[in-house]
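Have a look at final_2.csv; it's CSV, N, CA and C atoms:
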chain,number,residue,atom,x,y,z
J,1,MET,N,66.1,10.5,46.9
J,1,MET,CA,66.4,11.8,46.2
J,1,MET,C,67.8,12.3,46.6
J,2,THR,N,68.4,12.9,45.6
J,2,THR,CA,69.7,13.5,45.8
J,2,THR,C,69.6,14.9,46.4
J,3,VAL,N,70.7,15.4,46.9
J,3,VAL,CA,70.7,16.8,47.5
J,3,VAL,C,70.3,17.8,46.4
J,4,LEU,N,70.8,17.6,45.2
J,4,LEU,CA,70.5,18.5,44.1
J,4,LEU,C,69.0,18.5,43.8
J,5,GLU,N,68.4,17.3,43.8
J,5,GLU,CA,66.9,17.2,43.5
J,5,GLU,C,66.1,17.9,44.6
J,6,LEU,N,66.6,17.8,45.9
J,6,LEU,CA,65.9,18.4,47.0
J,6,LEU,C,66.0,19.9,46.8
J,7,ARG,N,67.0,20.4,46.2
J,7,ARG,CA,67.2,21.9,46.0
J,7,ARG,C,66.5,22.4,44.7
J,8,GLY,N,65.8,21.5,44.1
J,8,GLY,CA,65.0,21.9,42.9
J,8,GLY,C,65.7,21.6,41.5
J,9,TYR,N,66.9,21.0,41.6
J,9,TYR,CA,67.6,20.7,40.3
J,9,TYR,C,67.2,19.3,39.9
J,10,SER,N,67.0,19.1,38.7
J,10,SER,CA,66.7,17.7,38.2
J,10,SER,C,67.9,17.2,37.5
J,11,PRO,N,68.2,15.9,37.6
J,11,PRO,CA,69.3,15.3,36.9
J,11,PRO,C,69.2,15.6,35.4
J,12,ALA,N,70.3,16.1,34.8
J,12,ALA,CA,70.3,16.4,33.4
J,12,ALA,C,70.5,15.1,32.6
J,13,ILE,N,69.8,15.0,31.5
J,13,ILE,CA,70.0,13.9,30.6
J,13,ILE,C,71.1,14.4,29.6
J,14,MET,N,72.2,13.6,29.5
J,14,MET,CA,73.3,13.9,28.7
J,14,MET,C,72.9,13.9,27.2
J,15,SER,N,73.1,15.0,26.6
J,15,SER,CA,72.8,15.1,25.2
J,15,SER,C,74.0,15.4,24.4
J,16,TYR,N,74.2,14.7,23.3
J,16,TYR,CA,75.4,14.8,22.5
J,16,TYR,C,75.0,15.6,21.2
J,17,LYS,N,76.0,16.2,20.6
J,17,LYS,CA,75.8,17.1,19.4
J,17,LYS,C,76.5,16.4,18.3
J,18,LEU,N,75.8,16.1,17.2
J,18,LEU,CA,76.3,15.6,16.0
J,18,LEU,C,76.2,16.7,14.9
J,19,LEU,N,77.3,16.9,14.2
J,19,LEU,CA,77.4,17.9,13.1
J,19,LEU,C,77.4,17.1,11.8
J,20,ILE,N,76.4,17.3,11.0
J,20,ILE,CA,76.4,16.7,9.6
J,20,ILE,C,76.7,17.8,8.6
J,21,ALA,N,77.7,17.6,7.9
J,21,ALA,CA,78.1,18.5,6.8
J,21,ALA,C,77.9,17.8,5.5
J,22,ASP,N,76.8,18.1,4.8
J,22,ASP,CA,76.5,17.4,3.5
J,22,ASP,C,75.6,18.4,2.7
J,23,ASP,N,75.9,18.5,1.4
J,23,ASP,CA,75.2,19.5,0.6
J,23,ASP,C,73.8,18.9,0.2
J,24,SER,N,73.5,17.7,0.5
J,24,SER,CA,72.3,17.1,0.2
J,24,SER,C,71.3,17.3,1.3
J,25,VAL,N,70.2,18.1,1.1
J,25,VAL,CA,69.2,18.3,2.1
J,25,VAL,C,68.5,16.9,2.4
J,26,SER,N,68.4,16.1,1.5
J,26,SER,CA,67.8,14.7,1.7
J,26,SER,C,68.6,13.9,2.7
J,27,VAL,N,69.9,14.0,2.6
J,27,VAL,CA,70.8,13.2,3.5
J,27,VAL,C,70.7,13.9,4.9
J,28,GLN,N,70.7,15.2,4.9
J,28,GLN,CA,70.6,15.9,6.2
J,28,GLN,C,69.3,15.5,6.9
J,29,ARG,N,68.2,15.5,6.2
J,29,ARG,CA,66.9,15.1,6.7
J,29,ARG,C,66.9,13.7,7.2
J,30,VAL,N,67.4,12.7,6.4
J,30,VAL,CA,67.5,11.3,6.8
J,30,VAL,C,68.3,11.2,8.1
J,31,ILE,N,69.4,11.9,8.3
J,31,ILE,CA,70.2,11.7,9.5
J,31,ILE,C,69.5,12.4,10.7
J,32,LYS,N,68.8,13.5,10.5
J,32,LYS,CA,68.0,14.1,11.6
J,32,LYS,C,66.9,13.1,12.0
J,33,LEU,N,66.2,12.5,11.1
J,33,LEU,CA,65.2,11.5,11.4
J,33,LEU,C,65.8,10.3,12.1
J,34,THR,N,66.9,9.9,11.7
J,34,THR,CA,67.6,8.7,12.2
J,34,THR,C,67.8,8.9,13.7
J,35,PHE,N,68.2,10.1,14.1
J,35,PHE,CA,68.6,10.4,15.5
J,35,PHE,C,67.5,11.0,16.3
J,36,ALA,N,66.3,11.1,15.8
J,36,ALA,CA,65.1,11.8,16.4
J,36,ALA,C,64.8,11.1,17.8
J,37,GLU,N,65.0,9.8,17.9
J,37,GLU,CA,64.7,9.1,19.2
J,37,GLU,C,65.9,8.9,20.1
J,38,GLU,N,67.0,9.4,19.6
J,38,GLU,CA,68.3,9.2,20.4
J,38,GLU,C,68.5,10.5,21.2
J,39,SER,N,69.4,10.5,22.2
J,39,SER,CA,69.7,11.8,22.9
J,39,SER,C,70.9,12.4,22.2
J,40,ILE,N,70.7,12.7,20.9
J,40,ILE,CA,71.7,13.3,20.1
J,40,ILE,C,71.0,14.5,19.3
J,41,ASP,N,71.6,15.7,19.5
J,41,ASP,CA,71.1,16.8,18.8
J,41,ASP,C,71.9,16.9,17.4
J,42,VAL,N,71.2,17.0,16.3
J,42,VAL,CA,71.8,17.0,15.0
J,42,VAL,C,71.8,18.4,14.5
J,43,VAL,N,72.9,18.9,14.1
J,43,VAL,CA,73.1,20.2,13.5
J,43,VAL,C,73.5,20.0,12.1
J,44,ALA,N,72.9,20.5,11.1
J,44,ALA,CA,73.2,20.3,9.7
J,44,ALA,C,73.7,21.6,9.0
J,45,VAL,N,74.7,21.4,8.2
J,45,VAL,CA,75.2,22.5,7.4
J,45,VAL,C,75.4,22.0,6.0
J,46,SER,N,75.5,22.8,5.0
J,46,SER,CA,75.5,22.4,3.6
J,46,SER,C,76.8,22.5,2.9
J,47,ASP,N,77.9,23.0,3.6
J,47,ASP,CA,79.2,23.0,3.0
J,47,ASP,C,80.3,22.9,4.0
J,48,GLY,N,81.5,22.6,3.6
J,48,GLY,CA,82.6,22.5,4.5
J,48,GLY,C,83.0,23.7,5.2
J,49,ALA,N,82.9,24.9,4.6
J,49,ALA,CA,83.3,26.1,5.2
J,49,ALA,C,82.3,26.4,6.4
J,50,ALA,N,81.0,26.2,6.2
J,50,ALA,CA,80.0,26.4,7.3
J,50,ALA,C,80.3,25.4,8.4
J,51,ALA,N,80.7,24.2,8.1
J,51,ALA,CA,81.1,23.2,9.1
J,51,ALA,C,82.2,23.7,10.0
J,52,ILE,N,83.3,24.2,9.3
J,52,ILE,CA,84.4,24.7,10.1
J,52,ILE,C,84.0,25.9,10.9
J,53,GLU,N,83.2,26.8,10.4
J,53,GLU,CA,82.7,27.9,11.2
J,53,GLU,C,81.9,27.5,12.4
J,54,PHE,N,81.1,26.5,12.2
J,54,PHE,CA,80.3,25.9,13.4
J,54,PHE,C,81.3,25.3,14.4
J,55,ILE,N,82.2,24.5,14.0
J,55,ILE,CA,83.2,23.9,14.9
J,55,ILE,C,84.0,24.9,15.7
J,56,LYS,N,84.3,26.0,15.0
J,56,LYS,CA,85.1,27.1,15.8
J,56,LYS,C,84.2,27.7,16.9
J,57,ARG,N,82.9,27.8,16.7
J,57,ARG,CA,82.0,28.3,17.7
J,57,ARG,C,81.6,27.3,18.8
J,58,GLU,N,81.4,26.1,18.4
J,58,GLU,CA,80.8,25.1,19.2
J,58,GLU,C,81.3,23.7,18.9
J,59,THR,N,82.0,23.1,19.8
J,59,THR,CA,82.6,21.8,19.5
J,59,THR,C,81.6,20.7,19.5
J,60,PRO,N,81.4,20.0,18.4
J,60,PRO,CA,80.4,18.9,18.4
J,60,PRO,C,81.1,17.6,19.0
J,61,ASP,N,80.3,16.6,19.3
J,61,ASP,CA,80.8,15.4,19.8
J,61,ASP,C,81.2,14.5,18.7
J,62,ILE,N,80.7,14.6,17.5
J,62,ILE,CA,81.1,13.9,16.4
J,62,ILE,C,80.7,14.6,15.1
J,63,VAL,N,81.5,14.4,14.1
J,63,VAL,CA,81.3,15.1,12.8
J,63,VAL,C,81.1,14.1,11.7
J,64,LEU,N,80.1,14.2,10.9
J,64,LEU,CA,79.9,13.4,9.7
J,64,LEU,C,80.1,14.4,8.5
J,65,ALA,N,81.1,14.1,7.7
J,65,ALA,CA,81.4,15.1,6.6
J,65,ALA,C,81.4,14.4,5.2
J,66,ASP,N,80.7,14.9,4.3
J,66,ASP,CA,80.6,14.4,2.9
J,66,ASP,C,82.0,14.7,2.3
J,67,ILE,N,82.5,13.8,1.5
J,67,ILE,CA,83.8,14.1,0.8
J,67,ILE,C,83.6,15.1,-0.3
J,68,ASN,N,82.4,15.2,-0.9
J,68,ASN,CA,82.2,16.1,-2.0
J,68,ASN,C,81.2,17.2,-1.6
J,69,MET,N,81.7,18.4,-1.2
J,69,MET,CA,80.9,19.5,-0.8
J,69,MET,C,81.5,20.8,-1.4
J,70,PRO,N,80.6,21.8,-1.5
J,70,PRO,CA,81.1,23.1,-2.0
J,70,PRO,C,82.0,23.7,-0.9
J,71,LYS,N,82.8,24.7,-1.4
J,71,LYS,CA,83.7,25.5,-0.5
J,71,LYS,C,84.8,24.7,0.1
J,72,LYS,N,84.6,23.8,1.0
J,72,LYS,CA,85.6,22.9,1.5
J,72,LYS,C,85.0,21.5,1.6
J,73,ASP,N,85.8,20.5,1.2
J,73,ASP,CA,85.3,19.1,1.2
J,73,ASP,C,85.5,18.5,2.6
J,74,GLY,N,85.0,17.2,2.7
J,74,GLY,CA,85.1,16.5,3.9
J,74,GLY,C,86.5,16.3,4.4
J,75,TYR,N,87.4,16.1,3.5
J,75,TYR,CA,88.8,15.9,3.9
J,75,TYR,C,89.3,17.2,4.6
J,76,GLU,N,89.0,18.3,4.1
J,76,GLU,CA,89.4,19.6,4.7
J,76,GLU,C,88.8,19.8,6.0
J,77,VAL,N,87.5,19.5,6.2
J,77,VAL,CA,86.9,19.6,7.5
J,77,VAL,C,87.6,18.7,8.5
J,78,MET,N,87.8,17.4,8.0
J,78,MET,CA,88.5,16.5,8.9
J,78,MET,C,89.9,17.0,9.3
J,79,SER,N,90.6,17.5,8.3
J,79,SER,CA,92.0,18.1,8.6
J,79,SER,C,91.9,19.2,9.6
J,80,PHE,N,90.9,20.1,9.5
J,80,PHE,CA,90.7,21.2,10.5
J,80,PHE,C,90.6,20.6,11.9
J,81,VAL,N,89.7,19.6,12.0
J,81,VAL,CA,89.5,19.0,13.3
J,81,VAL,C,90.7,18.3,13.9
J,82,LYS,N,91.3,17.5,13.1
J,82,LYS,CA,92.4,16.6,13.5
J,82,LYS,C,93.7,17.3,13.7
J,83,GLU,N,93.9,18.5,13.1
J,83,GLU,CA,95.1,19.2,13.2
J,83,GLU,C,95.0,20.3,14.3
J,84,ASN,N,93.9,20.4,15.0
J,84,ASN,CA,93.7,21.4,16.0
J,84,ASN,C,93.7,20.6,17.3
J,85,THR,N,94.7,20.7,18.1
J,85,THR,CA,94.9,19.9,19.3
J,85,THR,C,93.8,20.0,20.3
J,86,ALA,N,93.1,21.1,20.4
J,86,ALA,CA,92.0,21.3,21.3
J,86,ALA,C,90.8,20.5,21.0
J,87,ILE,N,90.6,20.1,19.7
J,87,ILE,CA,89.4,19.3,19.3
J,87,ILE,C,89.8,18.1,18.5
J,88,ALA,N,91.1,17.7,18.5
J,88,ALA,CA,91.5,16.5,17.7
J,88,ALA,C,90.8,15.2,18.2
J,89,HIS,N,90.3,15.2,19.4
J,89,HIS,CA,89.7,14.0,20.0
J,89,HIS,C,88.3,13.8,19.3
J,90,VAL,N,87.7,14.8,18.7
J,90,VAL,CA,86.4,14.7,18.1
J,90,VAL,C,86.5,13.7,16.9
J,91,PRO,N,85.6,12.6,16.9
J,91,PRO,CA,85.6,11.7,15.8
J,91,PRO,C,85.0,12.4,14.5
J,92,VAL,N,85.7,12.1,13.4
J,92,VAL,CA,85.2,12.5,12.1
J,92,VAL,C,85.0,11.3,11.2
J,93,VAL,N,83.8,11.2,10.7
J,93,VAL,CA,83.4,10.1,9.8
J,93,VAL,C,83.1,10.7,8.5
J,94,LEU,N,83.8,10.2,7.4
J,94,LEU,CA,83.6,10.7,6.1
J,94,LEU,C,82.4,9.9,5.5
J,95,LEU,N,81.6,10.7,4.7
J,95,LEU,CA,80.5,10.1,4.0
J,95,LEU,C,80.8,10.2,2.5
J,96,THR,N,80.5,9.1,1.8
J,96,THR,CA,80.8,9.1,0.4
J,96,THR,C,79.7,8.4,-0.4
J,97,GLY,N,79.5,8.7,-1.6
J,97,GLY,CA,78.5,8.0,-2.4
J,97,GLY,C,79.1,6.6,-2.8
J,98,ALA,N,78.2,5.7,-3.2
J,98,ALA,CA,78.6,4.4,-3.6
J,98,ALA,C,79.6,4.3,-4.7
J,99,PHE,N,79.6,5.3,-5.6
J,99,PHE,CA,80.5,5.3,-6.7
J,99,PHE,C,81.6,6.4,-6.6
J,100,ASP,N,81.7,7.0,-5.4
J,100,ASP,CA,82.8,8.0,-5.2
J,100,ASP,C,83.9,7.4,-4.5
J,101,PRO,N,85.1,7.3,-5.1
J,101,PRO,CA,86.2,6.6,-4.4
J,101,PRO,C,86.7,7.5,-3.2
J,102,ILE,N,87.1,6.8,-2.1
J,102,ILE,CA,87.7,7.5,-1.0
J,102,ILE,C,89.2,7.6,-1.3
J,103,ASP,N,89.8,8.8,-1.0
J,103,ASP,CA,91.2,9.0,-1.1
J,103,ASP,C,91.8,8.4,0.1
J,104,GLU,N,92.2,7.2,0.1
J,104,GLU,CA,92.7,6.5,1.2
J,104,GLU,C,93.9,7.2,1.9
J,105,PHE,N,94.8,7.8,1.1
J,105,PHE,CA,96.0,8.5,1.6
J,105,PHE,C,95.5,9.7,2.4
J,106,ARG,N,94.6,10.5,1.8
J,106,ARG,CA,94.2,11.7,2.6
J,106,ARG,C,93.4,11.3,3.9
J,107,ALA,N,92.6,10.3,3.8
J,107,ALA,CA,91.8,9.8,4.9
J,107,ALA,C,92.7,9.3,6.0
J,108,LYS,N,93.7,8.5,5.7
J,108,LYS,CA,94.6,7.9,6.7
J,108,LYS,C,95.6,9.0,7.2
J,109,ASN,N,96.0,9.9,6.4
J,109,ASN,CA,96.9,10.9,6.7
J,109,ASN,C,96.4,11.8,7.8
J,110,VAL,N,95.1,12.0,7.9
J,110,VAL,CA,94.6,12.9,9.0
J,110,VAL,C,93.7,12.1,10.0
J,111,SER,N,94.0,10.9,10.1
J,111,SER,CA,93.4,10.1,11.2
J,111,SER,C,91.8,10.0,11.1
J,112,CYS,N,91.4,9.6,9.9
J,112,CYS,CA,89.9,9.4,9.7
J,112,CYS,C,89.4,8.3,10.7
J,113,ASP,N,88.3,8.6,11.3
J,113,ASP,CA,87.7,7.7,12.3
J,113,ASP,C,86.7,6.7,11.7
J,114,GLY,N,86.4,6.8,10.4
J,114,GLY,CA,85.5,5.9,9.7
J,114,GLY,C,85.0,6.5,8.4
J,115,VAL,N,84.4,5.6,7.7
J,115,VAL,CA,83.8,5.9,6.4
J,115,VAL,C,82.5,5.2,6.3
J,116,LEU,N,81.5,6.0,5.9
J,116,LEU,CA,80.2,5.4,5.6
J,116,LEU,C,79.8,5.7,4.2
J,117,ILE,N,79.2,4.7,3.5
J,117,ILE,CA,78.8,4.8,2.1
J,117,ILE,C,77.3,5.1,2.1
J,118,LYS,N,77.0,6.2,1.3
J,118,LYS,CA,75.6,6.5,1.1
J,118,LYS,C,75.0,5.7,-0.1
J,119,PRO,N,73.8,5.3,0.0
J,119,PRO,CA,72.8,5.6,1.1
J,119,PRO,C,73.2,4.8,2.3
J,120,ILE,N,73.0,5.5,3.5
J,120,ILE,CA,73.4,4.9,4.7
J,120,ILE,C,72.2,4.2,5.4
J,121,GLU,N,72.5,3.0,5.8
J,121,GLU,CA,71.5,2.2,6.6
J,121,GLU,C,71.4,2.8,8.0
J,122,PRO,N,70.2,3.2,8.4
J,122,PRO,CA,70.1,3.9,9.7
J,122,PRO,C,70.7,3.2,10.9
J,123,LYS,N,70.5,1.9,11.0
J,123,LYS,CA,71.1,1.1,12.1
J,123,LYS,C,72.6,1.2,12.1
J,124,GLN,N,73.1,1.1,10.9
J,124,GLN,CA,74.6,1.1,10.8
J,124,GLN,C,75.1,2.5,11.2
J,125,LEU,N,74.4,3.5,10.8
J,125,LEU,CA,74.8,4.9,11.2
J,125,LEU,C,74.7,5.1,12.7
J,126,VAL,N,73.6,4.7,13.3
J,126,VAL,CA,73.5,4.8,14.8
J,126,VAL,C,74.5,4.0,15.5
J,127,ASP,N,74.8,2.8,15.1
J,127,ASP,CA,75.8,1.9,15.7
J,127,ASP,C,77.2,2.6,15.6
J,128,LYS,N,77.5,3.1,14.5
J,128,LYS,CA,78.8,3.8,14.3
J,128,LYS,C,79.0,5.0,15.1
J,129,VAL,N,78.0,5.8,15.2
J,129,VAL,CA,78.0,7.0,16.0
J,129,VAL,C,78.1,6.7,17.5
J,130,LYS,N,77.4,5.7,18.0
J,130,LYS,CA,77.4,5.3,19.4
J,130,LYS,C,78.8,4.7,19.7
J,131,GLU,N,79.4,3.9,18.7
J,131,GLU,CA,80.7,3.3,18.9
J,131,GLU,C,81.7,4.4,19.1
J,132,LEU,N,81.6,5.5,18.4
J,132,LEU,CA,82.6,6.6,18.5
J,132,LEU,C,82.3,7.5,19.6

Spit out the file's structure as structure tokens when you get a sec.
Amino acid sequence: MTVLELRGYSPAIMSYKLLIADDSVSVQRVIKLTFAEESIDVVAVSDGAAAIEFIKRETPDIVLADINMPKKDGYEVMSFVKENTAIAHVPVVLLTGAFDPIDEFRAKNVSCDGVLIKPIEPKQLVDKVKEL
């Protein structure tokens, strides 16, 4: 036993926070289910403006942002994170539909950490998040 355990404290299990910004409730649900067995708390918002407001209040460990969302798109969310020196270290992965082209210039210009194409294979998603 450690000194902390003797004093009544139990070792904390490290929990990570993933922010999913996607206007599809189905995608949000799938991602929440994908991480249900991991030590990752998933917070879901439905538009880019809500994602930015959440990030201002609470810094997530990783952000998944759809490129096509109301109010602000995934590129704008990514720009907000990467241009703010206090949180620029937070990885941002863009999500896109199979037929939605990625704007390579915009993605590269703000240091995109990855792109995943929906529908996302759960193992691929978990592997990518753990990698980052």

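Among the candidates J:Ala36, J:Ala50, J:Ile120, J:Val115, the residue lying nearest to Asp73 (chain J) is J:Ala50 (atoms considered: only C-alpha atoms).
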
Would you compute the distance between CA of Asp61 (chain J) and atom C of Ala98 (chain J)? Give it in Å to one decimal. 26.9 Å

Give me, please, the distance in Å between CA of Asp66 (chain J) and CA of Asp22 (chain J), quoted to one decimal. 5.1 Å

For the structure I just gave you, how does DSSP split chain J - specifically, which residues are strand (DSSP E or B)? Reply as a ChimeraX atom specification. /J:16-21,40-45,62-66,92-97,114-118

Restricting the output to N, CA and C atoms, write the selected residues as a PDB file, in the frame of the given file.
ATOM      1  N   TYR J  16      74.200  14.700  23.300  1.00  0.00           N
ATOM      2  CA  TYR J  16      75.400  14.800  22.500  1.00  0.00           C
ATOM      3  C   TYR J  16      75.000  15.600  21.200  1.00  0.00           C
ATOM      4  N   LYS J  17      76.000  16.200  20.600  1.00  0.00           N
ATOM      5  CA  LYS J  17      75.800  17.100  19.400  1.00  0.00           C
ATOM      6  C   LYS J  17      76.500  16.400  18.300  1.00  0.00           C
ATOM      7  N   LEU J  18      75.800  16.100  17.200  1.00  0.00           N
ATOM      8  CA  LEU J  18      76.300  15.600  16.000  1.00  0.00           C
ATOM      9  C   LEU J  18      76.200  16.700  14.900  1.00  0.00           C
ATOM     10  N   LEU J  19      77.300  16.900  14.200  1.00  0.00           N
ATOM     11  CA  LEU J  19      77.400  17.900  13.100  1.00  0.00           C
ATOM     12  C   LEU J  19      77.400  17.100  11.800  1.00  0.00           C
ATOM     13  N   ILE J  20      76.400  17.300  11.000  1.00  0.00           N
ATOM     14  CA  ILE J  20      76.400  16.700   9.600  1.00  0.00           C
ATOM     15  C   ILE J  20      76.700  17.800   8.600  1.00  0.00           C
ATOM     16  N   ALA J  21      77.700  17.600   7.900  1.00  0.00           N
ATOM     17  CA  ALA J  21      78.100  18.500   6.800  1.00  0.00           C
ATOM     18  C   ALA J  21      77.900  17.800   5.500  1.00  0.00           C
ATOM     19  N   ILE J  40      70.700  12.700  20.900  1.00  0.00           N
ATOM     20  CA  ILE J  40      71.700  13.300  20.100  1.00  0.00           C
ATOM     21  C   ILE J  40      71.000  14.500  19.300  1.00  0.00           C
ATOM     22  N   ASP J  41      71.600  15.700  19.500  1.00  0.00           N
ATOM     23  CA  ASP J  41      71.100  16.800  18.800  1.00  0.00           C
ATOM     24  C   ASP J  41      71.900  16.900  17.400  1.00  0.00           C
ATOM     25  N   VAL J  42      71.200  17.000  16.300  1.00  0.00           N
ATOM     26  CA  VAL J  42      71.800  17.000  15.000  1.00  0.00           C
ATOM     27  C   VAL J  42      71.800  18.400  14.500  1.00  0.00           C
ATOM     28  N   VAL J  43      72.900  18.900  14.100  1.00  0.00           N
ATOM     29  CA  VAL J  43      73.100  20.200  13.500  1.00  0.00           C
ATOM     30  C   VAL J  43      73.500  20.000  12.100  1.00  0.00           C
ATOM     31  N   ALA J  44      72.900  20.500  11.100  1.00  0.00           N
ATOM     32  CA  ALA J  44      73.200  20.300   9.700  1.00  0.00           C
ATOM     33  C   ALA J  44      73.700  21.600   9.000  1.00  0.00           C
ATOM     34  N   VAL J  45      74.700  21.400   8.200  1.00  0.00           N
ATOM     35  CA  VAL J  45      75.200  22.500   7.400  1.00  0.00           C
ATOM     36  C   VAL J  45      75.400  22.000   6.000  1.00  0.00           C
ATOM     37  N   ILE J  62      80.700  14.600  17.500  1.00  0.00           N
ATOM     38  CA  ILE J  62      81.100  13.900  16.400  1.00  0.00           C
ATOM     39  C   ILE J  62      80.700  14.600  15.100  1.00  0.00           C
ATOM     40  N   VAL J  63      81.500  14.400  14.100  1.00  0.00           N
ATOM     41  CA  VAL J  63      81.300  15.100  12.800  1.00  0.00           C
ATOM     42  C   VAL J  63      81.100  14.100  11.700  1.00  0.00           C
ATOM     43  N   LEU J  64      80.100  14.200  10.900  1.00  0.00           N
ATOM     44  CA  LEU J  64      79.900  13.400   9.700  1.00  0.00           C
ATOM     45  C   LEU J  64      80.100  14.400   8.500  1.00  0.00           C
ATOM     46  N   ALA J  65      81.100  14.100   7.700  1.00  0.00           N
ATOM     47  CA  ALA J  65      81.400  15.100   6.600  1.00  0.00           C
ATOM     48  C   ALA J  65      81.400  14.400   5.200  1.00  0.00           C
ATOM     49  N   ASP J  66      80.700  14.900   4.300  1.00  0.00           N
ATOM     50  CA  ASP J  66      80.600  14.400   2.900  1.00  0.00           C
ATOM     51  C   ASP J  66      82.000  14.700   2.300  1.00  0.00           C
ATOM     52  N   VAL J  92      85.700  12.100  13.400  1.00  0.00           N
ATOM     53  CA  VAL J  92      85.200  12.500  12.100  1.00  0.00           C
ATOM     54  C   VAL J  92      85.000  11.300  11.200  1.00  0.00           C
ATOM     55  N   VAL J  93      83.800  11.200  10.700  1.00  0.00           N
ATOM     56  CA  VAL J  93      83.400  10.100   9.800  1.00  0.00           C
ATOM     57  C   VAL J  93      83.100  10.700   8.500  1.00  0.00           C
ATOM     58  N   LEU J  94      83.800  10.200   7.400  1.00  0.00           N
ATOM     59  CA  LEU J  94      83.600  10.700   6.100  1.00  0.00           C
ATOM     60  C   LEU J  94      82.400   9.900   5.500  1.00  0.00           C
ATOM     61  N   LEU J  95      81.600  10.700   4.700  1.00  0.00           N
ATOM     62  CA  LEU J  95      80.500  10.100   4.000  1.00  0.00           C
ATOM     63  C   LEU J  95      80.800  10.200   2.500  1.00  0.00           C
ATOM     64  N   THR J  96      80.500   9.100   1.800  1.00  0.00           N
ATOM     65  CA  THR J  96      80.800   9.100   0.400  1.00  0.00           C
ATOM     66  C   THR J  96      79.700   8.400  -0.400  1.00  0.00           C
ATOM     67  N   GLY J  97      79.500   8.700  -1.600  1.00  0.00           N
ATOM     68  CA  GLY J  97      78.500   8.000  -2.400  1.00  0.00           C
ATOM     69  C   GLY J  97      79.100   6.600  -2.800  1.00  0.00           C
ATOM     70  N   GLY J 114      86.400   6.800  10.400  1.00  0.00           N
ATOM     71  CA  GLY J 114      85.500   5.900   9.700  1.00  0.00           C
ATOM     72  C   GLY J 114      85.000   6.500   8.400  1.00  0.00           C
ATOM     73  N   VAL J 115      84.400   5.600   7.700  1.00  0.00           N
ATOM     74  CA  VAL J 115      83.800   5.900   6.400  1.00  0.00           C
ATOM     75  C   VAL J 115      82.500   5.200   6.300  1.00  0.00           C
ATOM     76  N   LEU J 116      81.500   6.000   5.900  1.00  0.00           N
ATOM     77  CA  LEU J 116      80.200   5.400   5.600  1.00  0.00           C
ATOM     78  C   LEU J 116      79.800   5.700   4.200  1.00  0.00           C
ATOM     79  N   ILE J 117      79.200   4.700   3.500  1.00  0.00           N
ATOM     80  CA  ILE J 117      78.800   4.800   2.100  1.00  0.00           C
ATOM     81  C   ILE J 117      77.300   5.100   2.100  1.00  0.00           C
ATOM     82  N   LYS J 118      77.000   6.200   1.300  1.00  0.00           N
ATOM     83  CA  LYS J 118      75.600   6.500   1.100  1.00  0.00           C
ATOM     84  C   LYS J 118      75.000   5.700  -0.100  1.00  0.00           C
TER      85      LYS J 118
END

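Straight-line separation from CA of Ala65 (chain J) to CA of Leu95 (chain J): 5.7 Å.
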
May I have all residues of region 28-131 of chain J that DSSP, computed from the backbone, assigns to alpha helix (DSSP H), given as an MDAnalysis selection string? chainID J and resid 28:34 48:57 74:82 104:109 122:131

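For Val77 (chain J), the set of protein, DNA and RNA residues having any atom at most 8 Å away, when counting all atoms listed in the file and skipping those fewer than 6 positions along the same chain, is Gly48, Ala49, Ala51, Ile52, Ala65, Glu83 and Val92 of chain J.
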
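If all atoms listed in the file are the atoms counted, then among J:Glu58, J:Asp113, J:Asp47, J:Asp103 the closest residue to Pro70 (chain J) is J:Asp47.
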
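Proximity of J:Leu132, J:Ser15, J:Asn68, J:Thr96 to Ile117 (chain J), computed with only N, CA and C atoms, is greatest for J:Thr96.
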
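Among the candidates J:Ile20, J:Ile87, J:Val110, J:Leu116, the residue lying nearest to Val43 (chain J) is J:Ile20 (atoms considered: only N, CA and C atoms).
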
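Nearest residue to Ile40 (chain J) among J:Lys17, J:Asp127, J:Glu53, J:Val63 is J:Lys17, counting all atoms listed in the file.
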
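Residue nearest Ile31 (chain J), chosen from J:Gly74, J:Gly97, J:Pro122, J:Gly114 and counting only N, CA and C atoms: J:Pro122.
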